[in-house]
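> Submitted below is the structure of interest, expressed as structure tokens.
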Amino acid sequence: MRPRADKYRQKAEECRQEAHKATDHDTKSGWLKIADKWQRMAQEADPPAQLAQQPAAKEKSDSSN
């Protein structure tokens with residue numbers, strides 16, 4: 001799944017670059033909204049390791065009681 005997440009992150013970065021170039025507030029805002037959507041898709045495709053480890057950490061604390 002990682003290559004797909006990397007592609008989504010690249011698309012998000014491209015949108016941020018377009019937002020940076022935009023001179024109109026609405027255009028800039030639109031590009032940033034699209035960038036946020038790409039970034040969320042990347043996170044869904046490749047969630048951070050911390051989130052994947054949270055249930056294991058909870059199980060450890062539950063078993064120590």
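Identifiers for the structure tokens are assigned positionally: chains receive A, B, ... in sequence, residues are indexed from 1 per chain, and ligands are indexed from 1 in the order shown.
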Can you tell me which residues surround Glu13 of chain A at a distance of at most 10 Å, considering only C-alpha atoms, apart from same-chain residues fewer than 5 positions away, and format the answer as number ranges by chain?
A: 7-8, 18-19, 32, 35-36, 38-39
> Please produce an output containing all heavy atoms for each residue in the selection, written as a compact mmCIF listing (two decimals), in the first residue's frame.

# COMPACT_ATOMS: atom_id res chain seq x y z
N LYS A 7 2.15 8.32 -3.61
CA LYS A 7 1.57 9.05 -4.74
C LYS A 7 0.60 10.12 -4.24
O LYS A 7 0.60 11.25 -4.71
CB LYS A 7 0.84 8.07 -5.68
CG LYS A 7 0.21 8.74 -6.87
CD LYS A 7 -0.47 7.74 -7.77
CE LYS A 7 -1.15 8.45 -8.93
NZ LYS A 7 -1.83 7.51 -9.82
N TYR A 8 -0.23 9.77 -3.25
CA TYR A 8 -1.18 10.73 -2.68
C TYR A 8 -0.44 11.88 -2.00
O TYR A 8 -0.84 13.03 -2.12
CB TYR A 8 -2.10 10.05 -1.68
CG TYR A 8 -3.02 8.99 -2.26
CD1 TYR A 8 -3.62 8.06 -1.43
CD2 TYR A 8 -3.28 8.92 -3.63
CE1 TYR A 8 -4.48 7.09 -1.94
CE2 TYR A 8 -4.12 7.95 -4.14
CZ TYR A 8 -4.72 7.04 -3.30
OH TYR A 8 -5.56 6.08 -3.80
N GLU A 18 0.81 24.75 -5.91
CA GLU A 18 -0.13 25.56 -6.69
C GLU A 18 -0.77 26.64 -5.80
O GLU A 18 -0.95 27.77 -6.23
CB GLU A 18 -1.21 24.69 -7.33
CG GLU A 18 -0.70 23.81 -8.44
CD GLU A 18 -0.13 24.58 -9.62
OE1 GLU A 18 -0.66 25.66 -9.98
OE2 GLU A 18 0.87 24.10 -10.20
N ALA A 19 -1.09 26.26 -4.58
CA ALA A 19 -1.66 27.24 -3.64
C ALA A 19 -0.68 28.36 -3.37
O ALA A 19 -1.06 29.53 -3.30
CB ALA A 19 -2.05 26.54 -2.34
N LEU A 32 -5.58 24.40 -1.27
CA LEU A 32 -5.24 23.85 0.04
C LEU A 32 -6.27 22.81 0.50
O LEU A 32 -5.91 21.82 1.15
CB LEU A 32 -5.12 24.98 1.07
CG LEU A 32 -3.91 25.89 0.86
CD1 LEU A 32 -3.95 27.08 1.82
CD2 LEU A 32 -2.61 25.12 0.99
N ALA A 35 -5.39 19.71 -1.33
CA ALA A 35 -4.18 19.15 -0.73
C ALA A 35 -4.52 18.39 0.55
O ALA A 35 -4.01 17.29 0.79
CB ALA A 35 -3.17 20.26 -0.42
N ASP A 36 -5.41 18.95 1.36
CA ASP A 36 -5.83 18.27 2.59
C ASP A 36 -6.51 16.94 2.29
O ASP A 36 -6.29 15.95 2.99
CB ASP A 36 -6.78 19.15 3.40
CG ASP A 36 -6.07 20.30 4.09
OD1 ASP A 36 -4.82 20.27 4.21
OD2 ASP A 36 -6.77 21.25 4.51
N TRP A 38 -5.98 14.99 -0.37
CA TRP A 38 -4.94 14.06 -0.79
C TRP A 38 -4.17 13.54 0.44
O TRP A 38 -3.84 12.36 0.54
CB TRP A 38 -3.97 14.71 -1.77
CG TRP A 38 -4.43 14.79 -3.18
CD1 TRP A 38 -4.68 15.93 -3.91
CD2 TRP A 38 -4.70 13.69 -4.08
NE1 TRP A 38 -5.08 15.60 -5.18
CE2 TRP A 38 -5.10 14.24 -5.32
CE3 TRP A 38 -4.64 12.31 -3.95
CZ2 TRP A 38 -5.43 13.46 -6.41
CZ3 TRP A 38 -4.98 11.52 -5.04
CH2 TRP A 38 -5.37 12.09 -6.25
N GLN A 39 -3.88 14.46 1.37
CA GLN A 39 -3.13 14.08 2.56
C GLN A 39 -3.92 13.07 3.40
O GLN A 39 -3.36 12.10 3.90
CB GLN A 39 -2.79 15.32 3.39
CG GLN A 39 -1.79 15.06 4.49
CD GLN A 39 -0.44 14.65 3.95
OE1 GLN A 39 0.06 15.24 2.99
NE2 GLN A 39 0.16 13.65 4.54
> When you look at Met41 of chain A with a cut-off of 12 Å (counting only C-alpha atoms), what residues show up, excluding the ones that are within fewer than 3 positions of it in the same chain? I need them as an NGL selection string.
:A and (1-2 or 4-12 or 34-38 or 44-47)
> Mind giving me the straight-line distance from atom CA of Lys28 of chain A to atom CA of Glu14 of chain A in Å, one decimal?
12.5 Å
> In Å, how far is it from atom CA of Gln43 of chain A to atom CA of Arg16 of chain A?
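That distance, rounded to one decimal, is 16.7 Å.
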